[in-house]
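Structure data (mmCIF, C-alpha atoms) from final-v7.cif:
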data_entry
loop_
_atom_site.label_atom_id
_atom_site.label_comp_id
_atom_site.auth_asym_id
_atom_site.auth_seq_id
_atom_site.Cartn_x
_atom_site.Cartn_y
_atom_site.Cartn_z
CA MET W 240 114.93 114.32 159.95
CA ARG W 241 112.04 111.81 160.08
CA ASN W 242 113.88 109.78 157.49
CA ILE W 243 117.02 109.57 159.69
CA PHE W 244 114.91 108.63 162.68
CA PHE W 245 113.16 105.87 160.73
CA GLN W 246 116.48 104.52 159.40
CA GLY W 247 118.02 104.60 162.89
CA ILE W 248 115.08 102.74 164.40
CA SER W 249 115.30 100.17 161.58
CA ILE W 250 118.99 99.52 162.30
CA VAL W 251 118.35 99.16 166.04
CA PHE W 252 115.41 96.83 165.28
CA ILE W 253 117.50 94.63 162.95
CA PHE W 254 120.27 94.50 165.56
CA LEU W 255 117.90 93.52 168.38
CA LEU W 256 116.15 90.96 166.17
CA THR W 257 119.50 89.35 165.28
CA LEU W 258 120.45 89.35 168.97
CA PHE W 259 117.13 87.77 169.90
CA LEU W 260 117.47 85.06 167.23
CA MET W 261 121.06 84.37 168.32
CA SER W 262 119.96 84.00 171.94
CA ARG W 263 117.49 81.28 170.87
CA ILE W 264 120.45 79.04 169.98
CA ASP W 265 121.82 76.97 172.87
CA TRP W 266 125.46 78.03 172.52
CA MET W 267 126.40 76.61 175.93
CA LYS W 268 125.42 73.17 174.68
CA ILE W 269 127.09 73.61 171.29
CA PHE W 270 130.42 74.65 172.86
CA LYS W 271 130.03 72.24 175.83
CA VAL W 272 130.97 75.11 178.17
CA LYS W 273 129.55 73.66 181.36
CA GLU W 274 131.12 70.26 180.81
CA ALA W 275 134.53 71.87 180.12
CA SER W 276 134.51 74.15 183.17
CA ASP W 277 133.15 71.41 185.45
CA LYS W 278 135.85 69.08 184.23
CA THR W 279 138.62 71.63 184.85
CA GLU W 280 137.32 72.30 188.35
CA GLU W 281 136.93 68.60 189.07
CA LYS W 282 140.50 67.84 187.99
CA LEU W 283 141.88 70.77 190.03
CA GLY W 284 139.90 69.64 193.08
CA ASP W 285 141.18 66.07 192.74
CA LEU W 286 144.80 67.20 192.26
CA PHE W 287 144.77 69.49 195.30
CA TRP W 288 142.95 66.96 197.45
CA GLU W 289 145.57 64.34 196.55
CA TYR W 290 148.22 66.73 197.85
CA PHE W 291 146.48 67.32 201.21
CA LYS W 292 145.54 63.66 201.63
CA ARG W 293 149.19 62.73 201.35
CA SER W 294 150.35 65.24 203.97
CA ASP W 295 147.78 64.50 206.73
CA GLN W 296 145.69 61.55 207.84
CA GLU W 297 142.03 61.72 206.81
CA VAL W 298 139.42 61.15 209.51
CA THR W 299 136.50 59.25 208.01
CA ASP W 300 134.97 56.80 210.34
CA ASN W 301 134.43 58.20 213.77
CA ILE W 302 132.33 60.60 215.78
CA ILE W 303 134.40 63.60 214.70
CA TYR W 304 133.68 63.20 210.99
CA TYR W 305 130.01 62.36 211.49
CA SER W 306 129.48 65.31 213.83
CA VAL W 307 131.04 67.78 211.40
CA ASP W 308 128.97 66.15 208.67
CA SER W 309 125.76 66.47 210.70
CA ILE W 310 126.36 70.23 211.13
CA LEU W 311 126.99 70.53 207.41
CA VAL W 312 123.83 68.55 206.62
CA LYS W 313 121.75 70.81 208.91
CA ILE W 314 123.07 73.96 207.22
CA CYS W 315 122.67 72.53 203.71
CA GLU W 316 119.13 71.26 204.26
CA ALA W 317 117.95 74.55 205.74
CA ASN W 318 119.40 76.47 202.80
CA ASN W 319 118.42 74.17 199.92
CA ILE W 320 122.04 73.29 199.18
CA ASP W 321 122.64 69.78 197.88
CA ARG W 322 124.84 68.21 200.59
CA SER W 323 125.88 65.38 198.26
CA LEU W 324 127.74 67.93 196.11
CA ILE W 325 130.01 68.96 199.00
CA LYS W 326 133.06 66.75 199.48
CA LEU W 327 133.79 67.08 203.17
CA HIS W 328 137.19 66.03 204.51
CA VAL W 329 138.38 66.11 208.11
CA LEU W 330 142.17 65.95 208.45
CA ARG W 331 144.01 65.02 211.62
CA SER W 332 146.37 67.90 212.24
CA SER W 333 147.11 70.37 215.04
CA GLU W 334 146.86 73.22 212.52
CA ILE W 335 143.89 75.50 213.20
CA ASN W 336 142.61 75.67 209.68
CA ALA W 337 139.64 75.04 207.40
CA PHE W 338 139.39 75.89 203.73
CA ALA W 339 137.45 75.30 200.53
CA MET W 340 138.92 73.91 197.32
CA PRO W 341 137.71 73.66 193.70
CA ASP W 342 134.98 71.15 192.89
CA ASN W 343 133.23 71.69 196.26
CA HIS W 344 135.92 70.17 198.48
CA MET W 345 135.80 71.39 202.08
CA VAL W 346 138.69 70.59 204.41
CA VAL W 347 138.46 70.97 208.20
CA TYR W 348 141.46 70.27 210.45
CA THR W 349 140.98 68.62 213.83
CA GLY W 350 143.14 71.41 215.32
CA LEU W 351 140.36 73.86 214.48
CA ILE W 352 137.66 71.63 215.98
CA ASP W 353 139.78 71.29 219.13
CA ASN W 354 140.00 75.07 219.43
CA CYS W 355 136.24 75.57 219.22
CA ASP W 356 134.59 75.93 222.62
CA THR W 357 131.10 75.22 221.32
CA PRO W 358 129.66 73.39 218.29
CA GLU W 359 128.20 76.76 217.19
CA GLU W 360 131.73 78.12 216.72
CA LEU W 361 132.52 75.14 214.49
CA ALA W 362 129.21 75.63 212.65
CA GLY W 363 130.18 79.28 212.04
CA VAL W 364 133.43 78.25 210.37
CA ILE W 365 131.67 75.51 208.35
CA GLY W 366 129.04 78.06 207.23
CA HIS W 367 131.81 80.46 206.20
CA GLU W 368 133.62 77.84 204.10
CA LEU W 369 130.32 76.63 202.64
CA ALA W 370 129.61 80.19 201.53
CA HIS W 371 133.02 80.31 199.76
CA ILE W 372 132.01 77.13 197.90
CA ASN W 373 128.42 78.11 197.16
CA GLU W 374 129.32 81.61 195.96
CA ARG W 375 132.09 80.22 193.72
CA HIS W 376 134.76 82.23 195.55
CA VAL W 377 137.31 79.42 195.24
CA MET W 378 137.61 79.54 191.45
CA LYS W 379 137.36 83.35 191.47
CA LYS W 380 140.32 83.52 193.85
CA LEU W 381 142.38 81.00 191.88
CA VAL W 382 141.69 82.67 188.54
CA LYS W 383 142.60 86.07 190.03
CA GLU W 384 145.79 84.94 191.77
CA ILE W 385 147.04 82.24 189.43
CA GLY W 386 145.38 82.90 186.08
CA LEU W 387 143.02 80.82 183.98
CA SER W 388 145.72 79.59 181.60
CA VAL W 389 147.85 78.14 184.44
CA LEU W 390 144.77 76.48 185.97
CA ILE W 391 143.83 74.88 182.65
CA SER W 392 147.41 73.68 182.09
CA ILE W 393 147.41 72.14 185.59
CA SER W 394 144.09 70.41 184.99
CA THR W 395 145.32 68.98 181.69
CA GLY W 396 148.46 67.66 183.38
CA ASN W 397 150.84 70.10 181.72
CA ALA W 398 152.16 71.58 184.95
CA GLY W 399 154.75 70.08 187.28
CA GLY W 400 154.07 68.71 190.76
CA GLU W 401 155.87 71.63 192.40
CA ILE W 402 153.39 74.10 190.86
CA VAL W 403 150.45 72.03 192.13
CA ARG W 404 152.01 71.94 195.63
CA GLU W 405 152.66 75.68 195.58
CA ILE W 406 149.09 76.50 194.55
CA ALA W 407 147.65 74.04 197.08
CA ARG W 408 149.68 75.77 199.79
CA THR W 409 148.49 79.20 198.59
CA MET W 410 144.89 78.00 198.60
CA SER W 411 145.02 76.74 202.18
CA SER W 412 147.09 79.56 203.64
CA SER W 413 146.08 82.81 201.97
CA ALA W 414 142.95 84.87 202.37
CA TYR W 415 140.31 85.81 199.86
CA ASP W 416 139.97 89.53 199.33
CA ARG W 417 138.04 91.57 201.90
CA THR W 418 134.84 91.71 199.84
CA LEU W 419 134.71 87.94 199.42
CA GLU W 420 135.54 87.32 203.10
CA LYS W 421 132.79 89.69 204.21
CA GLU W 422 130.36 88.12 201.76
CA ALA W 423 131.21 84.66 203.16
CA ASP W 424 130.72 85.91 206.75
CA LEU W 425 127.33 87.42 205.94
CA MET W 426 126.25 84.34 203.98
CA SER W 427 127.35 82.17 206.91
CA ILE W 428 125.09 84.21 209.25
CA LYS W 429 122.21 83.75 206.80
CA TYR W 430 122.83 80.00 206.51
CA LEU W 431 123.11 79.55 210.28
CA ASN W 432 119.98 81.58 211.00
CA LYS W 433 118.00 79.46 208.57
CA ALA W 434 119.42 76.30 210.17
CA LYS W 435 118.48 77.76 213.60
CA ILE W 436 122.12 77.64 214.74
CA ASN W 437 123.34 80.66 216.70
CA PRO W 438 125.72 82.64 214.42
CA GLU W 439 127.27 84.31 217.45
CA GLY W 440 129.56 81.27 217.48
CA LEU W 441 131.41 82.60 214.43
CA ALA W 442 131.94 86.00 216.10
CA ASN W 443 133.07 84.31 219.34
CA PHE W 444 135.55 82.16 217.45
CA LEU W 445 136.97 85.20 215.65
CA TYR W 446 137.24 87.20 218.91
CA LYS W 447 138.87 84.31 220.68
CA ILE W 448 141.52 83.61 218.10
CA SER W 449 142.27 87.29 217.55
CA ASP W 450 142.93 87.73 221.30
CA ALA W 451 145.07 84.63 221.59
CA ASP W 452 148.82 84.55 221.24
CA VAL W 453 149.11 83.60 217.65
CA PRO W 454 151.02 80.36 217.32
CA SER W 455 152.53 79.51 213.97
CA PHE W 456 149.92 76.82 213.29
CA LEU W 457 146.96 79.17 213.70
CA THR W 458 146.49 79.39 209.97
CA TRP W 459 142.77 80.26 209.87
CA LEU W 460 143.47 83.49 211.77
CA SER W 461 146.53 84.48 209.77
CA THR W 462 144.59 83.90 206.55
CA HIS W 463 141.60 85.85 207.80
CA PRO W 464 142.91 89.24 208.94
CA ASP W 465 140.89 91.88 210.82
CA SER W 466 139.20 89.20 212.92
CA LYS W 467 137.96 91.70 215.51
CA GLU W 468 136.45 93.95 212.86
CA ARG W 469 134.74 90.93 211.30
CA ALA W 470 133.45 89.72 214.66
CA ALA W 471 132.04 93.23 215.26
CA TYR W 472 130.02 93.35 212.04
CA ILE W 473 128.79 89.80 212.64
CA ILE W 474 127.49 90.90 216.07
CA ASP W 475 125.88 93.94 214.40
CA GLN W 476 123.99 91.64 212.06
CA LEU W 477 122.67 89.62 214.99
CA HIS W 478 120.87 92.47 216.74
CA ASP W 479 117.76 92.23 214.61
CA SER W 480 117.56 88.45 214.73
CA ASP W 481 114.66 86.89 216.65
CA VAL W 482 115.33 83.27 215.64
CA LYS W 483 114.86 80.57 218.31
CA TYR W 484 118.19 78.77 218.13
CA LYS W 485 118.83 75.08 218.69
CA PRO W 486 122.17 73.49 219.61
CA ALA W 487 124.30 72.61 216.58
CA LEU W 488 125.24 69.35 218.33
CA THR W 489 124.09 67.79 221.59
CA SER W 490 126.37 68.47 224.56
CA GLU W 491 126.92 64.73 224.84
CA THR W 492 128.24 64.49 221.26
CA TRP W 493 130.40 67.58 221.74
CA GLU W 494 131.93 66.09 224.88
CA LYS W 495 132.67 62.86 223.03
CA ILE W 496 134.42 64.81 220.27
CA GLN W 497 136.51 66.73 222.80
CA ALA W 498 137.41 63.48 224.59
CA LYS W 499 138.46 61.87 221.33
CA LEU W 500 140.58 64.87 220.39
CA ASP W 501 142.18 64.93 223.86
CA THR W 502 143.12 61.27 223.44
CA TRP W 503 144.69 62.04 220.09
CA ASN W 504 146.54 65.06 221.51
CA GLU W 505 147.95 62.95 224.35
CA TYR W 506 148.96 60.26 221.87
CA ASP W 507 150.61 62.84 219.57
CA GLU W 508 152.48 64.41 222.51
CA TYR W 509 153.59 60.97 223.66
CA MET K 596 121.78 99.28 152.68
CA ILE K 597 124.40 100.84 150.39
CA HIS K 598 123.33 103.38 147.78
CA PHE K 599 125.49 104.38 144.84
CA LYS K 600 124.66 107.99 144.10
CA GLU K 601 125.76 110.89 141.96
CA PHE K 602 127.82 113.42 143.91
CA LEU K 603 127.42 117.19 143.50
CA TYR K 604 130.53 117.33 141.36
CA LYS K 605 133.06 114.95 139.86
CA PRO K 606 135.81 114.47 142.49
CA SER K 607 139.46 114.69 141.47
CA GLU K 608 141.87 111.75 141.64
CA ASN K 609 143.36 113.11 144.89
CA GLU K 610 139.97 113.46 146.58
CA CYS K 611 139.01 109.90 145.62
CA GLU K 612 142.22 108.61 147.14
CA TYR K 613 141.68 110.43 150.46
CA ALA K 614 138.00 109.39 150.65
CA SER K 615 138.89 105.77 149.94
CA SER K 616 141.66 105.84 152.56
CA SER K 617 139.27 107.03 155.25
CA TYR K 618 137.47 103.68 155.02
CA LEU K 619 140.69 101.75 154.79
CA MET K 620 141.93 103.26 158.06
CA SER K 621 139.57 101.20 160.17
CA LEU K 622 140.40 98.05 158.23
CA VAL K 623 144.14 98.67 158.54
CA ALA K 624 143.73 98.96 162.33
CA VAL K 625 142.02 95.56 162.48
CA ILE K 626 144.52 93.89 160.15
CA ALA K 627 147.43 95.33 162.15
CA GLY K 628 146.22 93.23 165.04
CA LEU K 629 144.51 95.76 167.24
CA PRO K 630 141.49 93.95 168.59
CA ILE K 631 140.86 96.61 171.21
CA PRO K 632 137.97 98.61 169.70
CA ILE K 633 139.26 102.04 170.71
CA PHE K 634 142.12 101.75 168.18
CA ASN K 635 139.70 101.53 165.27
CA LEU K 636 137.99 104.66 166.46
CA ILE K 637 141.26 106.47 167.15
CA ALA K 638 142.56 105.60 163.65
CA THR K 639 139.40 106.97 162.03
CA VAL K 640 139.31 110.09 164.27
CA VAL K 641 142.95 110.86 163.45
CA PHE K 642 142.23 110.56 159.74
CA TYR K 643 139.04 112.61 160.09
CA LEU K 644 140.89 115.41 161.91
CA GLY K 645 143.60 115.36 159.26
CA ASN K 646 141.05 115.81 156.48
CA ARG K 647 138.33 117.92 158.06
CA LYS K 648 139.50 120.91 156.07
CA GLY K 649 139.75 118.91 152.86
CA THR K 650 137.40 119.11 149.89
CA TYR K 651 133.70 118.34 150.25
CA PHE K 652 133.96 114.79 148.80
CA THR K 653 136.85 113.86 151.14
CA ARG K 654 135.19 115.44 154.19
CA TRP K 655 131.89 113.71 153.43
CA HIS K 656 133.42 110.24 153.30
CA CYS K 657 135.70 110.80 156.29
CA THR K 658 132.59 111.79 158.27
CA GLN K 659 130.61 108.75 157.16
CA ALA K 660 133.55 106.46 158.06
CA LEU K 661 133.86 108.15 161.47
CA ILE K 662 130.16 107.93 162.37
CA SER K 663 129.92 104.27 161.38
CA GLN K 664 133.02 103.46 163.44
CA PHE K 665 131.60 105.35 166.38
CA SER K 666 128.52 103.14 166.78
CA LEU K 667 130.62 100.04 166.18
CA PHE K 668 133.00 101.24 168.88
CA PHE K 669 130.27 101.09 171.56
CA LEU K 670 129.07 97.66 170.49
CA ASN K 671 132.61 96.23 170.33
CA SER K 672 133.66 97.86 173.61
CA PHE K 673 130.74 96.25 175.38
CA ALA K 674 131.78 92.85 173.97
CA PHE K 675 135.43 93.52 174.89
CA TRP K 676 134.74 94.39 178.54
CA TRP K 677 132.21 91.58 178.90
CA THR K 678 134.97 89.18 177.76
CA ILE K 679 137.51 90.71 180.16
CA TYR K 680 135.05 90.31 183.07
CA ILE K 681 134.56 86.66 182.13
CA ILE K 682 138.32 86.08 181.92
CA LEU K 683 138.73 87.64 185.37
CA ASP K 684 135.82 85.49 186.56
CA LYS K 685 133.80 88.50 187.67
CA LYS K 686 130.98 87.34 185.41
CA THR K 687 130.04 83.85 184.40
CA ILE K 688 129.83 82.87 180.76
CA ASP K 689 126.24 82.33 179.57
CA ASN K 690 124.12 81.97 176.45
CA TYR K 691 123.55 85.75 176.17
CA TYR K 692 127.30 86.30 175.96
CA PHE K 693 127.63 83.98 172.97
CA ALA K 694 124.49 85.45 171.37
CA TYR K 695 125.95 88.97 171.72
CA ILE K 696 129.40 87.95 170.44
CA PHE K 697 127.95 86.27 167.34
CA THR K 698 125.64 89.22 166.67
CA ILE K 699 128.65 91.53 166.97
CA LEU K 700 130.61 89.31 164.59
CA ILE K 701 127.80 89.59 162.02
CA VAL K 702 127.68 93.38 162.48
CA ASN K 703 131.47 93.65 162.14
CA PHE K 704 131.52 91.40 159.10
CA THR K 705 128.77 93.47 157.46
CA GLU K 706 130.72 96.63 158.27
CA VAL K 707 133.96 95.20 156.86
CA VAL K 708 132.25 94.13 153.61
CA ALA K 709 130.51 97.52 153.29
CA THR K 710 133.80 99.29 154.06
CA ILE K 711 135.71 97.36 151.38
CA ILE K 712 132.98 97.95 148.76
CA THR K 713 132.78 101.66 149.65
CA SER K 714 136.54 102.04 149.65
CA ILE K 715 136.79 100.51 146.16
CA GLN K 716 133.91 102.57 144.78
CA THR K 717 135.04 105.92 146.23
CA ARG K 718 138.50 105.26 144.80
CA LYS K 719 136.78 105.16 141.39
CA GLY K 720 135.07 108.43 142.22
CA ILE K 721 131.65 106.85 142.81
CA HIS K 722 129.73 108.36 145.71
CA VAL K 723 128.42 105.72 148.20
CA GLU K 724 125.85 106.52 150.88
CA TRP K 725 125.17 104.05 153.67
CA TRP K 726 121.74 103.49 155.15
CA PHE K 727 121.29 105.81 158.18
CA TYR K 728 124.97 106.89 158.34
CA GLY K 729 124.74 108.52 154.92
CA ALA K 730 121.66 110.47 155.98
CA ILE K 731 123.36 111.70 159.16
CA THR K 732 126.47 112.63 157.20
CA ASN K 733 124.31 114.68 154.82
CA LYS K 734 123.02 116.62 157.83
CA ILE K 735 126.48 117.19 159.34
CA CYS K 736 128.60 117.72 156.24
CA LYS K 737 127.70 120.72 154.10
CA PRO K 738 129.45 121.79 150.86
#
Could I get this structure in the form of structure tokens?
Amino acid sequence: MRNIFFQGISIVFIFLLTLFLMSRIDWMKIFKVKEASDKTEEKLGDLFWEYFKRSDQEVTDNIIYYSVDSILVKICEANNIDRSLIKLHVLRSSEINAFAMPDNHMVVYTGLIDNCDTPEELAGVIGHELAHINERHVMKKLVKEIGLSVLISISTGNAGGEIVREIARTMSSSAYDRTLEKEADLMSIKYLNKAKINPEGLANFLYKISDADVPSFLTWLSTHPDSKERAAYIIDQLHDSDVKYKPALTSETWEKIQAKLDTWNEYDEY
Amino acid sequence: MIHFKEFLYKPSENECEYASSSYLMSLVAVIAGLPIPIFNLIATVVFYLGNRKGTYFTRWHCTQALISQFSLFFLNSFAFWWTIYIILDKKTIDNYYFAYIFTILIVNFTEVVATIITSIQTRKGIHVEWWFYGAITNKICKP
């Protein structure tokens, strides 16, 4: 019996030793794994962004973009996230929507900003989308719904434009699964607390849009079901918080944004 | 790791054929394109059950083939599910994954080489005992 035990231990030892020696080799470098996956994600991000850029006008040079950017910077700095890695885009559209895309693209529609009553509500949505990016939910969702092989064929240019359009539409108008949505909500609360921005804004936004008559362009709500339930668990999380919050934006800046959006709305109606 | 030994008696032609086939079963499963580890184990279990009332020589080698497949089954299953999780993006690919896969490849290659050698030798009526598995088989399988 001792003999069997000794032989068994020897086999386990040889196995573990081989495993240890194998782990000393930098396989990731040999197979260029990181470069390959980064490249795929980068190409997907560029392809999808091209699609959205063509359909709506990008806002780049006014108070709206810089205000959204300043909220994002605050959240990133407080949470040790490299802001320069996030590709923020503000699109002029009445659609109430914001979403994350591969390669750290974040898209916010002016329709969503217009429907926020406070900058904290906007910060809540930005925090939520940032969590989707930072937790790699975007690629997880795409791989799950579309499949790795299709994604690779798109990134290598072997898929038609219609497929790219279809996936881009899916990405902007369909929800992540419940677990990922909840994770993004909870991460958003964490981010906002660290940035000293009141996370109640996210709950308020969810309550507000879930109570409203849902117009067809209210995409962020239709893609994020159970808004009331989500708002409730966000409020639950806030009970223990004793953070001294600061405004996400000054009231002056917020008023300027609203004025600018009102001008655009009047122009669009005209 | 492989010991060529004298068996208790000289096995007949039939016994040698059955004993040799027990090792070939796992190889056949791999060659037939069944990368899912459970098939290797199932193939060996089926053959073991079919021969468990056979002669001592046949039973002994069926048992050794089964036990060796059993440990390989756990190692390969772990690699299989790890790969599936990576494909589904539930886990990210890292250096440990590659290290494990290459270790498993070495283990499988060693097993395949040992299996082929043992299969050839048992077919000639030569008794082959593997390190560790042979000792366990001696404990389980009695004349």
* Picked residues, the PyMOL selection byres ((chain W) within 8 of (chain K)), expected as a list in words ->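 On the file shown, the PyMOL selection byres ((chain W) within 8 of (chain K)) covers Asn242, Ile243, Gln246, Gly247, Ile250, Phe254, Thr257, Leu258, Phe259, Met261, Ser262, Ile264, Asp265, Trp266, Met267, Met378, Lys379, Val382, Lys383 and Leu387 of chain W.
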* **Distance query stretch 652-659 of chain K at most 6 Å, all atoms listed in the file, self and fewer than 4 positions along chain excluded, as an MDAnalysis selection string** => chainID K and resid 610 613:614 617 643 647 732 736
What are the centre and the three edge lengths of an axis-aligned box that wraps all atoms of stretch 490-507 of chain W in the file, given that 6 Å is added to every side, written as lines of an AutoDock Vina configuration file and rounded to one decimal in Å?
center_x = 138.5
center_y = 64.4
center_z = 222.2
size_x = 36.2
size_y = 20.2
size_z = 17.3
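Separating atom CA of K:Gln664 from atom CA of K:Leu636 is a distance of 5.9 Å.
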* Please provide the set of residues having any atom within 10 Å of K:Phe599, restricted to only C-alpha atoms, with same-chain residues fewer than 6 positions apart removed, written as a VMD selection string. => chain K and resid 713 716 to 717 721 to 725
Since we have the selection now, will you write its residues out, keeping C-alpha atoms, as a PDB file, in the frame of the given file?
ATOM      1  CA  THR K 713     132.780 101.660 149.650  1.00  0.00           C
ATOM      2  CA  GLN K 716     133.910 102.570 144.780  1.00  0.00           C
ATOM      3  CA  THR K 717     135.040 105.920 146.230  1.00  0.00           C
ATOM      4  CA  ILE K 721     131.650 106.850 142.810  1.00  0.00           C
ATOM      5  CA  HIS K 722     129.730 108.360 145.710  1.00  0.00           C
ATOM      6  CA  VAL K 723     128.420 105.720 148.200  1.00  0.00           C
ATOM      7  CA  GLU K 724     125.850 106.520 150.880  1.00  0.00           C
ATOM      8  CA  TRP K 725     125.170 104.050 153.670  1.00  0.00           C
TER       9      TRP K 725
END
* To do: May I ask for the distance between atom CA of W:Gly350 and atom CA of W:Asp501, given in Å to one decimal place?
  => 10.8 Å
* Could you please give me, as a count of residues only, the residues of protein, DNA or RNA lying at most 12 Å from (131.0, 74.5, 210.1) in the coordinate frame of the file, considering all atoms listed in the file? => 53
* Asked: Quick one: distance from atom CA of W:Gln497 to atom CA of W:Trp288 in Å, one decimal?
  ->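 Between atom CA of W:Gln497 and atom CA of W:Trp288 the gap works out to 26.2 Å.
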* Determine the nearest neighbour of K:Ile662 from the options K:Cys611, K:Val708, K:Lys648, K:Asn635, counting only C-alpha atoms. =>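 Closest to K:Ile662, using only C-alpha atoms: K:Asn635.
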* For W:Ala498, work out the shell of residues within 10 Å, counting all atoms listed in the file and skipping chain neighbours fewer than 6 positions away, then give it as a PyMOL selection string. => chain W and resi 353+492+504
* Asked: Once the PyMOL selection byres ((chain W and resi 341) around 12) has been applied to the shown file, what residues remain in the selection, as a ChimeraX atom specification?
  -> /W:276-288,324-326,338-340,342-346,368-369,371-382,390,394,406-407,410-411
Supply stretch 607-620 of chain K as an mmCIF file, in the coordinates of the input, with N, CA and C atoms built in where the input has gaps.
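Saved to part.cif:
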data_model
loop_
_atom_site.group_PDB
_atom_site.id
_atom_site.type_symbol
_atom_site.label_atom_id
_atom_site.label_comp_id
_atom_site.auth_asym_id
_atom_site.auth_seq_id
_atom_site.Cartn_x
_atom_site.Cartn_y
_atom_site.Cartn_z
ATOM 1 N N SER K 607 138.162 114.885 142.137
ATOM 2 C CA SER K 607 139.460 114.690 141.470
ATOM 3 C C SER K 607 140.088 113.376 141.963
ATOM 4 N N GLU K 608 141.146 112.992 141.282
ATOM 5 C CA GLU K 608 141.870 111.750 141.640
ATOM 6 C C GLU K 608 142.333 111.771 143.100
ATOM 7 N N ASN K 609 142.866 112.943 143.517
ATOM 8 C CA ASN K 609 143.360 113.110 144.890
ATOM 9 C C ASN K 609 142.266 112.918 145.935
ATOM 10 N N GLU K 610 141.109 113.541 145.659
ATOM 11 C CA GLU K 610 139.970 113.460 146.580
ATOM 12 C C GLU K 610 139.517 112.016 146.737
ATOM 13 N N CYS K 611 139.451 111.313 145.596
ATOM 14 C CA CYS K 611 139.010 109.900 145.620
ATOM 15 C C CYS K 611 139.944 109.075 146.485
ATOM 16 N N GLU K 612 141.236 109.361 146.387
ATOM 17 C CA GLU K 612 142.220 108.610 147.140
ATOM 18 C C GLU K 612 142.050 108.836 148.641
ATOM 19 N N TYR K 613 141.874 110.102 149.040
ATOM 20 C CA TYR K 613 141.680 110.430 150.460
ATOM 21 C C TYR K 613 140.391 109.800 151.001
ATOM 22 N N ALA K 614 139.304 109.928 150.217
ATOM 23 C CA ALA K 614 138.000 109.390 150.650
ATOM 24 C C ALA K 614 138.091 107.880 150.837
ATOM 25 N N SER K 615 138.733 107.226 149.872
ATOM 26 C CA SER K 615 138.890 105.770 149.940
ATOM 27 C C SER K 615 139.726 105.372 151.147
ATOM 28 N N SER K 616 140.764 106.147 151.433
ATOM 29 C CA SER K 616 141.660 105.840 152.560
ATOM 30 C C SER K 616 140.952 105.949 153.897
ATOM 31 N N SER K 617 139.967 106.865 153.970
ATOM 32 C CA SER K 617 139.270 107.030 155.250
ATOM 33 C C SER K 617 138.597 105.725 155.657
ATOM 34 N N TYR K 618 138.090 104.971 154.700
ATOM 35 C CA TYR K 618 137.470 103.680 155.020
ATOM 36 C C TYR K 618 138.528 102.624 155.325
ATOM 37 N N LEU K 619 139.639 102.744 154.600
ATOM 38 C CA LEU K 619 140.690 101.750 154.790
ATOM 39 C C LEU K 619 141.342 101.843 156.171
ATOM 40 N N MET K 620 141.290 103.063 156.748
ATOM 41 C CA MET K 620 141.930 103.260 158.060
ATOM 42 C C MET K 620 141.426 102.270 159.103
#
